[in-house]
Each structure stands twice: as structure tokens, then as C-alpha cells.
>>> print(open('my_file36.cif').read())   # mmCIF, C-alpha atoms
data_data
#
loop_
_atom_site.label_atom_id
_atom_site.label_comp_id
_atom_site.auth_asym_id
_atom_site.auth_seq_id
_atom_site.Cartn_x
_atom_site.Cartn_y
_atom_site.Cartn_z
CA MET A 1 -16.24 7.67 1.49
CA ASN A 2 -14.36 7.89 4.76
CA TYR A 3 -11.11 9.77 5.37
CA LYS A 4 -8.23 9.38 7.80
CA ILE A 5 -5.28 11.51 8.83
CA LEU A 6 -2.02 10.20 7.33
CA GLY A 7 0.28 9.35 10.24
CA LYS A 8 1.21 12.37 12.35
CA THR A 9 0.50 14.85 9.56
CA GLY A 10 -2.55 17.04 9.01
CA LEU A 11 -3.25 15.43 5.63
CA LYS A 12 -6.59 13.70 5.11
CA VAL A 13 -6.68 10.80 2.65
CA SER A 14 -9.58 8.62 1.57
CA THR A 15 -9.58 5.14 3.11
CA LEU A 16 -9.59 3.75 -0.41
CA CYS A 17 -6.75 4.72 -2.74
CA LEU A 18 -6.63 4.11 -6.49
CA GLY A 19 -3.73 1.87 -7.51
CA THR A 20 -2.32 2.34 -11.01
CA MET A 21 0.17 -0.47 -11.57
CA ASN A 22 -1.99 -1.73 -14.45
CA TYR A 23 -1.89 1.49 -16.48
CA GLY A 24 -0.07 1.38 -19.80
CA GLY A 25 1.06 -2.25 -19.98
CA LYS A 26 4.63 -1.42 -20.92
CA GLY A 27 7.59 -3.70 -20.20
CA PHE A 28 7.57 -5.84 -17.04
CA PHE A 29 4.21 -4.46 -15.90
CA ASN A 30 2.33 -5.70 -18.94
CA HIS A 31 1.19 -8.81 -17.05
CA MET A 32 -0.40 -6.58 -14.40
CA GLY A 33 -2.67 -4.93 -16.96
CA ASP A 34 -2.55 -2.72 -20.02
CA LEU A 35 -5.28 -0.12 -19.62
CA GLY A 36 -5.35 2.63 -22.23
CA GLN A 37 -5.91 6.36 -21.69
CA GLN A 38 -9.68 6.21 -22.14
CA GLU A 39 -9.96 3.45 -19.53
CA VAL A 40 -7.65 5.36 -17.18
CA ASP A 41 -9.79 8.48 -17.52
CA GLU A 42 -12.90 6.42 -16.78
CA GLN A 43 -11.36 4.82 -13.69
CA ILE A 44 -10.16 8.10 -12.25
CA LYS A 45 -13.52 9.79 -12.86
CA THR A 46 -15.30 6.86 -11.19
CA VAL A 47 -13.23 6.98 -8.01
CA ILE A 48 -13.30 10.77 -7.80
CA ASP A 49 -17.09 10.68 -8.08
CA ALA A 50 -17.09 8.12 -5.23
CA GLY A 51 -15.11 10.48 -3.00
CA VAL A 52 -11.61 9.01 -3.42
CA ASN A 53 -8.96 11.74 -3.25
CA PHE A 54 -5.89 9.50 -3.15
CA ILE A 55 -4.01 8.08 -6.19
CA ASP A 56 -0.86 5.94 -5.92
CA THR A 57 1.67 5.20 -8.63
CA ALA A 58 5.44 4.72 -9.10
CA ASN A 59 8.03 5.89 -11.58
CA ILE A 60 8.75 2.31 -12.66
CA TYR A 61 5.13 1.41 -13.46
CA SER A 62 5.16 0.81 -17.21
CA GLU A 63 8.49 2.66 -17.36
CA GLY A 64 6.90 5.98 -16.42
CA LEU A 65 3.81 5.58 -18.61
CA SER A 66 1.48 5.19 -15.62
CA GLU A 67 2.51 8.61 -14.30
CA ILE A 68 2.05 10.16 -17.75
CA MET A 69 -1.44 8.71 -18.10
CA ILE A 70 -2.47 9.95 -14.65
CA GLY A 71 -1.27 13.45 -15.52
CA LYS A 72 -3.22 13.36 -18.77
CA ALA A 73 -6.36 12.09 -17.04
CA ILE A 74 -6.26 14.93 -14.51
CA LYS A 75 -6.07 17.40 -17.41
CA ASN A 76 -8.67 15.60 -19.55
CA LEU A 77 -11.16 15.51 -16.67
CA SER A 78 -10.42 19.09 -15.55
CA ILE A 79 -9.76 17.88 -12.01
CA LYS A 80 -8.48 20.52 -9.60
CA ARG A 81 -4.96 19.38 -8.73
CA ASP A 82 -5.13 20.58 -5.13
CA ASP A 83 -8.15 18.34 -4.50
CA LEU A 84 -5.99 15.27 -5.07
CA VAL A 85 -3.36 13.51 -3.01
CA LEU A 86 -0.85 12.15 -5.53
CA ALA A 87 1.66 9.56 -4.36
CA THR A 88 4.53 8.10 -6.34
CA LYS A 89 7.75 6.21 -5.60
CA VAL A 90 11.47 6.08 -6.33
CA ARG A 91 14.09 3.33 -6.12
CA GLY A 92 13.70 1.03 -9.13
CA SER A 93 15.65 1.00 -12.37
CA MET A 94 14.79 3.78 -14.83
CA GLY A 95 17.62 3.30 -17.29
CA GLN A 96 20.79 1.39 -18.15
CA GLY A 97 23.26 3.69 -16.40
CA GLU A 98 25.02 2.80 -13.16
CA ASN A 99 23.16 5.55 -11.30
CA ASP A 100 19.73 4.96 -12.84
CA ARG A 101 18.50 3.08 -9.77
CA GLY A 102 18.78 3.12 -6.01
CA LEU A 103 18.32 5.77 -3.33
CA SER A 104 21.36 7.97 -3.82
CA ARG A 105 20.92 11.74 -3.70
CA LYS A 106 21.70 11.85 -7.43
CA HIS A 107 19.03 9.33 -8.42
CA ILE A 108 16.33 10.68 -6.09
CA ILE A 109 16.68 14.29 -7.23
CA GLN A 110 16.80 13.27 -10.88
CA GLN A 111 13.73 11.07 -10.55
CA VAL A 112 11.57 13.51 -8.62
CA ASP A 113 12.01 15.99 -11.45
CA GLU A 114 11.13 13.33 -14.01
CA SER A 115 8.03 12.28 -12.06
CA LEU A 116 6.88 15.90 -11.81
CA LYS A 117 7.13 16.23 -15.58
CA ARG A 118 5.27 13.00 -16.25
CA LEU A 119 2.51 13.79 -13.76
CA ASN A 120 2.30 17.35 -15.11
CA THR A 121 2.33 18.84 -11.64
CA ASP A 122 4.42 21.21 -9.54
CA TYR A 123 4.52 19.00 -6.45
CA ILE A 124 4.10 15.44 -5.22
CA ASP A 125 1.99 14.98 -2.11
CA LEU A 126 3.58 11.73 -0.92
CA TYR A 127 7.00 10.64 -2.20
CA GLN A 128 7.83 7.07 -1.20
CA LEU A 129 10.93 4.91 -1.20
CA HIS A 130 9.84 1.79 -3.12
CA THR A 131 12.10 -0.37 -0.98
CA SER A 132 15.48 -0.04 0.71
CA ASP A 133 18.85 0.32 -1.03
CA PRO A 134 21.68 -1.70 0.56
CA LEU A 135 24.33 0.42 -1.20
CA THR A 136 23.22 3.88 -0.06
CA PRO A 137 23.46 5.01 3.57
CA ILE A 138 20.00 5.84 4.86
CA GLU A 139 21.44 9.14 6.10
CA GLU A 140 22.09 10.25 2.51
CA THR A 141 18.63 9.23 1.39
CA LEU A 142 16.84 11.00 4.23
CA ARG A 143 18.80 14.22 3.76
CA ALA A 144 17.87 14.23 0.06
CA LEU A 145 14.18 13.70 0.91
CA ASP A 146 14.31 16.47 3.52
CA ASP A 147 15.75 18.82 0.91
CA LEU A 148 12.89 17.98 -1.46
CA VAL A 149 10.30 18.78 1.21
CA ARG A 150 12.00 22.07 2.01
CA SER A 151 12.13 22.90 -1.72
CA GLY A 152 8.37 22.44 -2.06
CA LYS A 153 8.62 19.69 -4.66
CA VAL A 154 7.40 17.12 -2.12
CA ARG A 155 4.89 17.59 0.69
CA TYR A 156 5.32 14.34 2.69
CA ILE A 157 7.58 11.30 2.53
CA GLY A 158 6.95 7.61 3.04
CA ALA A 159 8.49 4.20 2.50
CA SER A 160 7.40 0.85 1.16
CA ASN A 161 8.51 -2.76 1.65
CA PHE A 162 10.97 -2.02 4.46
CA MET A 163 12.18 -4.33 7.20
CA ALA A 164 11.01 -3.17 10.63
CA TRP A 165 14.54 -2.59 11.98
CA HIS A 166 15.52 -0.51 8.94
CA PHE A 167 12.33 1.55 9.08
CA MET A 168 12.86 2.28 12.77
CA LYS A 169 16.50 3.19 12.11
CA ALA A 170 15.31 5.73 9.53
CA LEU A 171 12.74 7.21 11.92
CA GLY A 172 15.37 7.49 14.63
CA HIS A 173 17.86 9.21 12.35
CA SER A 174 15.26 11.71 11.17
CA ASN A 175 14.17 12.43 14.73
CA TYR A 176 17.63 13.08 16.12
CA ASN A 177 18.73 15.15 13.14
CA ASN A 178 15.54 17.18 12.74
CA LEU A 179 14.85 15.79 9.29
CA GLU A 180 11.49 15.07 7.68
CA LYS A 181 10.14 11.75 8.97
CA PHE A 182 8.23 9.06 7.15
CA ALA A 183 4.50 9.72 7.41
CA SER A 184 3.54 6.32 6.06
CA LEU A 185 4.58 2.81 5.18
CA GLN A 186 3.13 1.01 2.17
CA ALA A 187 3.10 -2.74 2.67
CA ASN A 188 1.35 -6.00 1.87
CA TYR A 189 -1.37 -6.87 4.39
CA SER A 190 -4.50 -8.99 4.00
CA LEU A 191 -6.65 -11.66 5.58
CA ASP A 192 -4.31 -14.38 4.33
CA ASN A 193 -1.07 -12.50 4.96
CA ARG A 194 -0.90 -10.91 8.40
CA ASP A 195 2.90 -11.27 8.73
CA LEU A 196 3.13 -7.51 9.18
CA GLU A 197 1.63 -7.94 12.65
CA ARG A 198 4.78 -9.59 14.02
CA GLU A 199 7.04 -6.54 14.09
CA MET A 200 5.91 -3.76 11.77
CA ILE A 201 2.37 -3.04 12.93
CA PRO A 202 3.38 -2.61 16.59
CA LEU A 203 6.10 -0.25 15.33
CA LEU A 204 3.65 1.78 13.24
CA GLN A 205 1.20 2.04 16.13
CA ASP A 206 3.91 3.10 18.56
CA GLN A 207 5.39 5.70 16.20
CA LYS A 208 2.00 6.83 14.81
CA VAL A 209 2.90 6.11 11.20
CA GLY A 210 0.17 5.53 8.62
CA LEU A 211 -0.24 2.17 6.88
CA LEU A 212 -1.11 2.00 3.18
CA VAL A 213 -2.00 -1.52 2.05
CA TRP A 214 -1.01 -2.94 -1.31
CA SER A 215 -2.50 -6.13 -2.76
CA PRO A 216 -5.32 -6.26 -0.19
CA LEU A 217 -6.90 -9.11 -2.16
CA SER A 218 -3.62 -11.03 -2.50
CA GLY A 219 -3.39 -10.74 -6.26
CA GLY A 220 -7.01 -11.83 -6.64
CA LEU A 221 -6.71 -14.86 -4.36
CA LEU A 222 -9.26 -13.38 -1.94
CA THR A 223 -11.84 -12.67 -4.63
CA GLY A 224 -12.91 -16.31 -4.46
CA LYS A 225 -12.17 -17.03 -8.13
CA TYR A 226 -9.33 -19.46 -7.35
CA LYS A 227 -10.04 -22.98 -6.11
CA ARG A 228 -8.19 -25.03 -3.52
CA ASP A 229 -7.80 -27.96 -5.98
CA GLY A 230 -5.88 -25.76 -8.43
CA ASN A 231 -8.43 -26.21 -11.21
CA ASN A 232 -8.54 -22.54 -12.13
CA GLU A 233 -8.69 -20.39 -15.20
CA LYS A 234 -5.58 -18.31 -15.85
CA GLY A 235 -5.46 -15.04 -13.92
CA ARG A 236 -3.04 -12.41 -12.65
CA LEU A 237 -2.06 -14.60 -9.71
CA ASN A 238 -0.53 -17.15 -12.09
CA ASP A 239 1.96 -14.58 -13.37
CA PHE A 240 2.85 -12.89 -10.09
CA PRO A 241 6.67 -12.51 -9.90
CA PHE A 242 6.69 -13.53 -6.23
CA GLU A 243 4.00 -14.80 -3.91
CA PRO A 244 3.67 -12.92 -0.63
CA PHE A 245 0.57 -15.00 0.04
CA HIS A 246 -0.35 -17.97 2.22
CA LYS A 247 -2.58 -19.99 -0.08
CA GLU A 248 -3.79 -22.63 2.36
CA ARG A 249 -4.67 -19.99 4.92
CA ALA A 250 -6.42 -18.02 2.17
CA PHE A 251 -8.61 -20.99 1.30
CA ASP A 252 -9.46 -21.45 4.98
CA VAL A 253 -10.43 -17.77 5.08
CA LEU A 254 -12.52 -18.18 1.93
CA ASP A 255 -14.40 -21.05 3.56
CA VAL A 256 -15.59 -18.49 6.11
CA LEU A 257 -16.05 -15.60 3.67
CA HIS A 258 -18.30 -17.38 1.15
CA PRO A 259 -21.24 -18.08 3.47
CA MET A 260 -20.75 -14.73 5.21
CA ALA A 261 -20.89 -12.92 1.85
CA ALA A 262 -24.08 -14.76 0.88
CA GLN A 263 -25.71 -13.86 4.18
CA LYS A 264 -24.71 -10.19 4.12
CA GLY A 265 -25.40 -9.64 0.41
CA PHE A 266 -21.89 -8.52 -0.48
CA SER A 267 -19.11 -10.10 -2.55
CA VAL A 268 -16.24 -12.07 -1.05
CA ALA A 269 -13.79 -9.41 -2.27
CA GLN A 270 -15.78 -6.64 -0.60
CA LEU A 271 -15.69 -8.46 2.73
CA ALA A 272 -11.92 -9.04 2.48
CA LEU A 273 -11.40 -5.31 1.88
CA ALA A 274 -13.83 -4.39 4.64
CA TRP A 275 -11.87 -6.47 7.17
CA LEU A 276 -8.84 -4.28 6.47
CA LEU A 277 -10.96 -1.14 6.86
CA HIS A 278 -11.85 -2.40 10.34
CA GLN A 279 -8.16 -2.54 11.37
CA SER A 280 -7.34 0.69 13.20
CA VAL A 281 -3.72 0.69 12.00
CA VAL A 282 -4.80 0.87 8.33
CA THR A 283 -4.99 4.38 6.87
CA SER A 284 -5.87 3.52 3.27
CA ILE A 285 -6.25 0.47 1.04
CA ILE A 286 -4.86 0.58 -2.48
CA ILE A 287 -7.35 -0.90 -4.93
CA GLY A 288 -6.58 -1.55 -8.57
CA ALA A 289 -8.70 -3.18 -11.24
CA THR A 290 -8.47 -4.15 -14.88
CA LYS A 291 -12.27 -4.06 -15.27
CA MET A 292 -14.67 -1.31 -14.31
CA THR A 293 -16.99 -3.81 -12.64
CA GLN A 294 -14.15 -4.85 -10.30
CA LEU A 295 -13.43 -1.24 -9.39
CA GLN A 296 -17.09 -0.47 -8.72
CA ASP A 297 -17.34 -3.61 -6.58
CA ASN A 298 -14.30 -2.63 -4.52
CA LEU A 299 -15.60 0.87 -3.87
CA LYS A 300 -18.62 -0.56 -2.05
CA ALA A 301 -16.41 -2.09 0.66
CA VAL A 302 -16.68 1.13 2.67
CA ASP A 303 -20.38 0.39 3.28
CA ILE A 304 -19.81 -2.89 5.14
CA GLU A 305 -20.13 -3.29 8.89
CA PHE A 306 -19.23 -6.50 10.72
CA THR A 307 -20.76 -7.83 13.88
CA ALA A 308 -18.38 -8.69 16.70
CA ASP A 309 -19.01 -12.37 15.98
CA GLU A 310 -18.19 -11.99 12.28
CA LEU A 311 -14.95 -10.17 13.03
CA ASP A 312 -14.05 -12.83 15.58
CA LYS A 313 -14.54 -15.59 12.99
CA LEU A 314 -12.36 -13.81 10.44
CA ASN A 315 -9.67 -12.99 12.98
CA LYS A 316 -9.48 -16.57 14.22
CA VAL A 317 -9.34 -18.27 10.81
CA SER A 318 -6.62 -15.88 9.59
CA GLN A 319 -4.55 -15.48 12.75
CA LEU A 320 -0.79 -15.97 12.67
CA PRO A 321 0.80 -18.97 14.35
CA ILE A 322 2.58 -17.71 17.43
CA GLU A 323 6.37 -17.56 17.20
CA TYR A 324 9.35 -16.56 19.29
CA PRO A 325 9.88 -14.03 20.78
CA LYS A 326 6.20 -13.15 21.17
CA ASN A 327 5.37 -16.44 22.88
CA VAL A 328 7.99 -15.79 25.56
CA VAL A 329 7.30 -12.06 25.87
CA GLU A 330 3.56 -12.60 26.36
CA VAL A 331 4.20 -14.95 29.28
CA MET A 332 6.96 -12.92 30.89
CA THR A 333 5.09 -9.60 30.68
CA ALA A 334 1.69 -10.90 31.80
CA ASP A 335 2.29 -9.38 35.23
CA ARG A 336 2.50 -5.92 33.64
CA SER A 337 -0.25 -6.16 31.02
CA ASN A 338 -3.26 -5.15 33.13
CA GLY A 339 -5.33 -7.55 31.11
CA GLN A 340 -4.53 -5.81 27.82
CA ASP A 341 -2.46 -6.80 24.83
CA PHE A 342 1.17 -6.36 25.87
CA LEU A 343 1.87 -4.25 22.78
CA SER A 344 -1.14 -1.94 23.05
#
>>> encode(input="my_file36.cif", output="C-alpha cells")
Amino acid sequence: MNYKILGKTGLKVSTLCLGTMNYGGKGFFNHMGDLGQQEVDEQIKTVIDAGVNFIDTANIYSEGLSEIMIGKAIKNLSIKRDDLVLATKVRGSMGQGENDRGLSRKHIIQQVDESLKRLNTDYIDLYQLHTSDPLTPIEETLRALDDLVRSGKVRYIGASNFMAWHFMKALGHSNYNNLEKFASLQANYSLDNRDLEREMIPLLQDQKVGLLVWSPLSGGLLTGKYKRDGNNEKGRLNDFPFEPFHKERAFDVLDVLHPMAAQKGFSVAQLALAWLLHQSVVTSIIIGATKMTQLQDNLKAVDIEFTADELDKLNKVSQLPIEYPKNVVEVMTADRSNGQDFLS
């Protein structure tokens, strides 16, 4: 297992992170998976044995059941808490009351205490905003998060699913008011969905913020099990509540991945994960599986090396179509680029 520093912190996290959205199968998250406690214990033991020290969850996953099951697994397996980096999130609805959702000071402080109880721990290593809240000023949210860090309940803070302008606004506010700054952003990024490269990745590189990748296999699309003609067996992708994927581009990518996988002796999914591991901006990839064989397969992605030619093929088949303003900026700044990417 490899490890990277999270953003501008001193915290080392494994480049693979265990995702837990499929734990419990309660409520809305039932279609993502319904693993029981024994299976959860087995998954966590497997990744720990492989060197993974990073586990990601959220308060809304199975209405809090995912957090409970992780806490029980840590106890059942006698894992030393300080050896783990536990990440969870706040923002979504956790009740029927008017203040049972959002990023107000009231909701954040209430939910961090609830998450601590469910996880059976005294502190959360990485506390993340699950997405933005249009009703709460970001200033209120950031002050509440800063208070939690100062209290010791939270070690680091991050965000997820933010627009680039809003994320930068938050970083700027924290900087000028001496508040805790986001150490990471959790976002969707994959060989078929590189939209993050338009605005967010240059921002993360410039501000030295870590990137945690969710759905690195695009809901299973990049495992190779789905066919271009649509003649597929039912899978998780069929029930996805929204599709942040580019299917035609994915099938073009798969046309390159299949022969490459056969030649290298790895699975298509492993190669798709390995491409992300070769992106310098990526700190850790969140992998989740409903079957142990899938999890074991994903863990082997850290062993893959690409030749320059192989990376070039994957980069070309998955590249974004150029759009404004980048097309204009590239031309107009060519005289100042010194032969390098204008954003590097």
C-alpha cells in the first residue's frame, strides 16, 4: 500500500480508502448494497490487512447505520483507533424537523455528536461537508467547523461535491479570518468523467488541497460488465439516482482497456483505478464493493504500472473536449507558457 499526505496537513492516508455506502441497506441506500455486520467486519479486516488506514462514511448512509456498523467492526476486530483515519460527512437530512438538515451551526454541532456516538469514538479525523447549503452563509458553517477542530472533536475538515467558485470562496474566507481550511475535496473523477479538470483540479493544485475520488469506476460502468448495445444484466448502475457519467466516452475507454488488461494480466477495473492512482492530484480513491472478490480485485490496483505509451492511449481516448474559456486562454497565454501547460 502507498500513502500520501492529505493536502497541506501532516496526515498520511492510504491511496485506497474503503467506501461504506453499501453498509446496512436501510432506506434510500438499500439499492447501493445491504451488507450485514459479519460482511462489514470481513471487509474492514481485509483492507486493514492490505495496509489501508482510511475509511470513509457519512451520517446519512443507511440513516446512520453505516457509522454504527463501522464502530462495531473496529471493536469486534480489536483495531487500535489511532491507527485509523475515519472520515464522515454532514449536510443531508437526518430527521423530519426543519433543522434536521443543512449546514447551520445547530445542525453541524448536533450531527457531529451523533456521529461520534455511532462510530463509538472520541474524535473524527476528517469531517466533510457532503455538499453546499444555499440557505446557510458559508461564514457560519466555517466558524462552526473551526470550533469543532479547536474542541478536539474533529481533526481536519473537508468538503464534497462543491462548485469551484464556492470552494474557493470558502478557502478565501478561512484564510483571511484565520479559520481552519479545507484539507480535501471529495468528488467524482474517473476515466469517463474528467469534468473536474475544467476548473476544480487546477484550483486544488494551486491551493494544495487533497482530492478524494468517489465512484472511480463510474457505478460499475468501468468494470467492463456493461455493453454498448444496452443488452446488460441488471446492476447498480441501473438504479443510480443520477448519472454523473459519460457512457459513450466510457465505452470508447473500455475499447482501449480490454486489450490492455489482457496484455498486462490485470482486470479492466484494476486498470481504471490505476489510471487515477497515476494522477498526481489524486490523494486517495474510495473503493466500495458488495462482494469480497470485488474488494480484493480493487486492492490490487496499487501494483499496476503503466508505460508512457499506455498512459498516452488512456489520456487521449478519455480527454475532455476543449471548451471556452480554456481554448481562448491557451492561445492568448502561449507567449507566457514557456512550453508548459498554462495552468501548471
>>> atom_distance(input="my_file36.cif", atom1="atom CA of A:Leu65", atom2="atom CA of A:Gly24")
5.8 Å
>>> resolve_selection(input="my_file36.cif", expression="the PyMOL selection byres ((chain A and resi 112) around 10)", output="list in words")
Asn59, Thr88, Lys89, Val90, His107, Ile108, Ile109, Gln110, Gln111, Asp113, Glu114, Ser115, Leu116, Lys117, Arg118, Tyr123, Ile124, Tyr127, Leu145, Leu148, Lys153 and Val154 of chain A
>>> closest_atom_pairs(input="my_file36.cif", of="stretch 115-222 of chain A", to="stretch 297-302 of chain A", cutoff="12 Å", atoms="only C-alpha atoms", output="tab-separated table")
residue	atom	partner	partner_atom	distance
A:Pro216	CA	A:Asn298	CA	10.6
A:Leu217	CA	A:Asn298	CA	10.1
A:Gly220	CA	A:Asn298	CA	11.9
>>> residues_around(input="my_file36.cif", residues="stretch 281-283 of chain A", least_positions_apart="2", cutoff="10 Å", atoms="only C-alpha atoms", output="VMD selection string")
chain A and resid 3 to 7 12 to 17 184 to 186 189 201 to 202 204 to 205 208 to 213 276 to 279 285
>>> residues_around(input="my_file36.cif", residues="A:Gln128", least_positions_apart="6", cutoff="6 Å", atoms="all atoms listed in the file", output="count of residues only")
4
>>> atom_distance(input="my_file36.cif", atom1="atom CA of A:Gly33", atom2="atom CA of A:Asp229")
26.0 Å
>>> residues_around(input="my_file36.cif", residues="A:His258", least_positions_apart="6", cutoff="12 Å", atoms="all atoms listed in the file", output="PyMOL selection string")
chain A and resi 222-225+250-252+264-272+314
>>> atom_distance(input="my_file36.cif", atom1="atom CA of A:Ile74", atom2="atom CA of A:Arg150")
25.6 Å
>>> residues_around(input="my_file36.cif", residues="A:Ser62", least_positions_apart="6", cutoff="12 Å", atoms="all atoms listed in the file", output="list in words")
Thr20, Met21, Asn22, Tyr23, Gly24, Gly25, Lys26, Gly27, Phe28, Phe29, Asn30, His31, Met32, Gly33, Asp34, Leu35, Gly36, Ile68, Met69, Gly92, Ser93 and Met94 of chain A
>>> write_last_selection(input="my_file36.cif", atoms="C-alpha atoms", output="short mmCIF file (atom, residue, chain, number, x, y, z; two decimals), in the frame of the given file")
data_model
loop_
_atom_site.label_atom_id
_atom_site.label_comp_id
_atom_site.auth_asym_id
_atom_site.auth_seq_id
_atom_site.Cartn_x
_atom_site.Cartn_y
_atom_site.Cartn_z
CA THR A 20 -2.32 2.34 -11.01
CA MET A 21 0.17 -0.47 -11.57
CA ASN A 22 -1.99 -1.73 -14.45
CA TYR A 23 -1.89 1.49 -16.48
CA GLY A 24 -0.07 1.38 -19.80
CA GLY A 25 1.06 -2.25 -19.98
CA LYS A 26 4.63 -1.42 -20.92
CA GLY A 27 7.59 -3.70 -20.20
CA PHE A 28 7.57 -5.84 -17.04
CA PHE A 29 4.21 -4.46 -15.90
CA ASN A 30 2.33 -5.70 -18.94
CA HIS A 31 1.19 -8.81 -17.05
CA MET A 32 -0.40 -6.58 -14.40
CA GLY A 33 -2.67 -4.93 -16.96
CA ASP A 34 -2.55 -2.72 -20.02
CA LEU A 35 -5.28 -0.12 -19.62
CA GLY A 36 -5.35 2.63 -22.23
CA ILE A 68 2.05 10.16 -17.75
CA MET A 69 -1.44 8.71 -18.10
CA GLY A 92 13.70 1.03 -9.13
CA SER A 93 15.65 1.00 -12.37
CA MET A 94 14.79 3.78 -14.83
#
>>> closest_residue(input="my_file36.cif", among="A:Gly71, A:Gly64, A:Pro134, A:Gly230", to="A:Leu119", atoms="only C-alpha atoms")
A:Gly71
>>> axis_aligned_box(input="my_file36.cif", around="stretch 158-177 of chain A", padding_each_side="3 Å", output="JSON")
{"center_x": 12.8, "center_y": 5.4, "center_z": 8.6, "size_x": 17.8, "size_y": 25.5, "size_z": 21.0}
>>> closest_residue(input="my_file36.cif", among="A:Asp192, A:Tyr61, A:Glu39, A:Arg101", to="A:Asp133", atoms="all atoms listed in the file")
A:Arg101
>>> closest_residue(input="my_file36.cif", among="A:Arg105, A:Lys8, A:Lys326, A:Lys313", to="A:Leu257", atoms="all atoms listed in the file")
A:Lys313
>>> build_atoms(input="my_file36.cif", residues="stretch 130-137 of chain A", atoms="all heavy atoms", output="compact mmCIF listing (two decimals), in the frame of the given file")
# COMPACT_ATOMS: atom_id res chain seq x y z
N HIS A 130 10.53 3.03 -2.70
CA HIS A 130 9.84 1.79 -3.12
C HIS A 130 10.31 0.57 -2.34
O HIS A 130 9.58 -0.37 -2.13
CB HIS A 130 10.03 1.57 -4.62
CG HIS A 130 8.84 0.97 -5.28
ND1 HIS A 130 8.51 1.19 -6.60
CD2 HIS A 130 7.88 0.12 -4.82
CE1 HIS A 130 7.41 0.53 -6.90
NE2 HIS A 130 7.02 -0.13 -5.85
N THR A 131 11.53 0.60 -1.93
CA THR A 131 12.10 -0.37 -0.98
C THR A 131 13.46 0.17 -0.58
O THR A 131 13.85 1.26 -1.02
CB THR A 131 12.19 -1.79 -1.56
OG1 THR A 131 12.54 -2.71 -0.52
CG2 THR A 131 13.25 -1.89 -2.65
N SER A 132 14.19 -0.55 0.24
CA SER A 132 15.48 -0.04 0.71
C SER A 132 16.56 -0.23 -0.35
O SER A 132 16.37 -0.92 -1.35
CB SER A 132 15.89 -0.75 2.00
OG SER A 132 15.94 -2.16 1.79
N ASP A 133 17.69 0.41 -0.14
CA ASP A 133 18.85 0.32 -1.03
C ASP A 133 20.07 -0.04 -0.19
O ASP A 133 20.58 0.79 0.56
CB ASP A 133 19.07 1.66 -1.74
CG ASP A 133 20.32 1.66 -2.62
OD1 ASP A 133 20.94 0.60 -2.79
OD2 ASP A 133 20.68 2.75 -3.12
N PRO A 134 20.56 -1.27 -0.29
CA PRO A 134 21.68 -1.70 0.56
C PRO A 134 22.99 -0.97 0.28
O PRO A 134 23.91 -1.04 1.09
CB PRO A 134 21.80 -3.19 0.25
CG PRO A 134 21.20 -3.37 -1.09
CD PRO A 134 20.08 -2.36 -1.16
N LEU A 135 23.08 -0.25 -0.85
CA LEU A 135 24.33 0.42 -1.20
C LEU A 135 24.38 1.88 -0.75
O LEU A 135 25.46 2.47 -0.72
CB LEU A 135 24.57 0.34 -2.71
CG LEU A 135 24.75 -1.06 -3.31
CD1 LEU A 135 25.03 -0.96 -4.81
CD2 LEU A 135 25.89 -1.79 -2.61
N THR A 136 23.24 2.46 -0.43
CA THR A 136 23.22 3.88 -0.06
C THR A 136 22.93 4.03 1.42
O THR A 136 21.94 3.48 1.91
CB THR A 136 22.14 4.63 -0.86
OG1 THR A 136 22.37 4.45 -2.26
CG2 THR A 136 22.17 6.12 -0.54
N PRO A 137 23.75 4.77 2.15
CA PRO A 137 23.46 5.01 3.57
C PRO A 137 22.10 5.69 3.71
O PRO A 137 21.78 6.61 2.96
CB PRO A 137 24.60 5.93 4.02
CG PRO A 137 25.69 5.72 3.02
CD PRO A 137 25.01 5.42 1.72
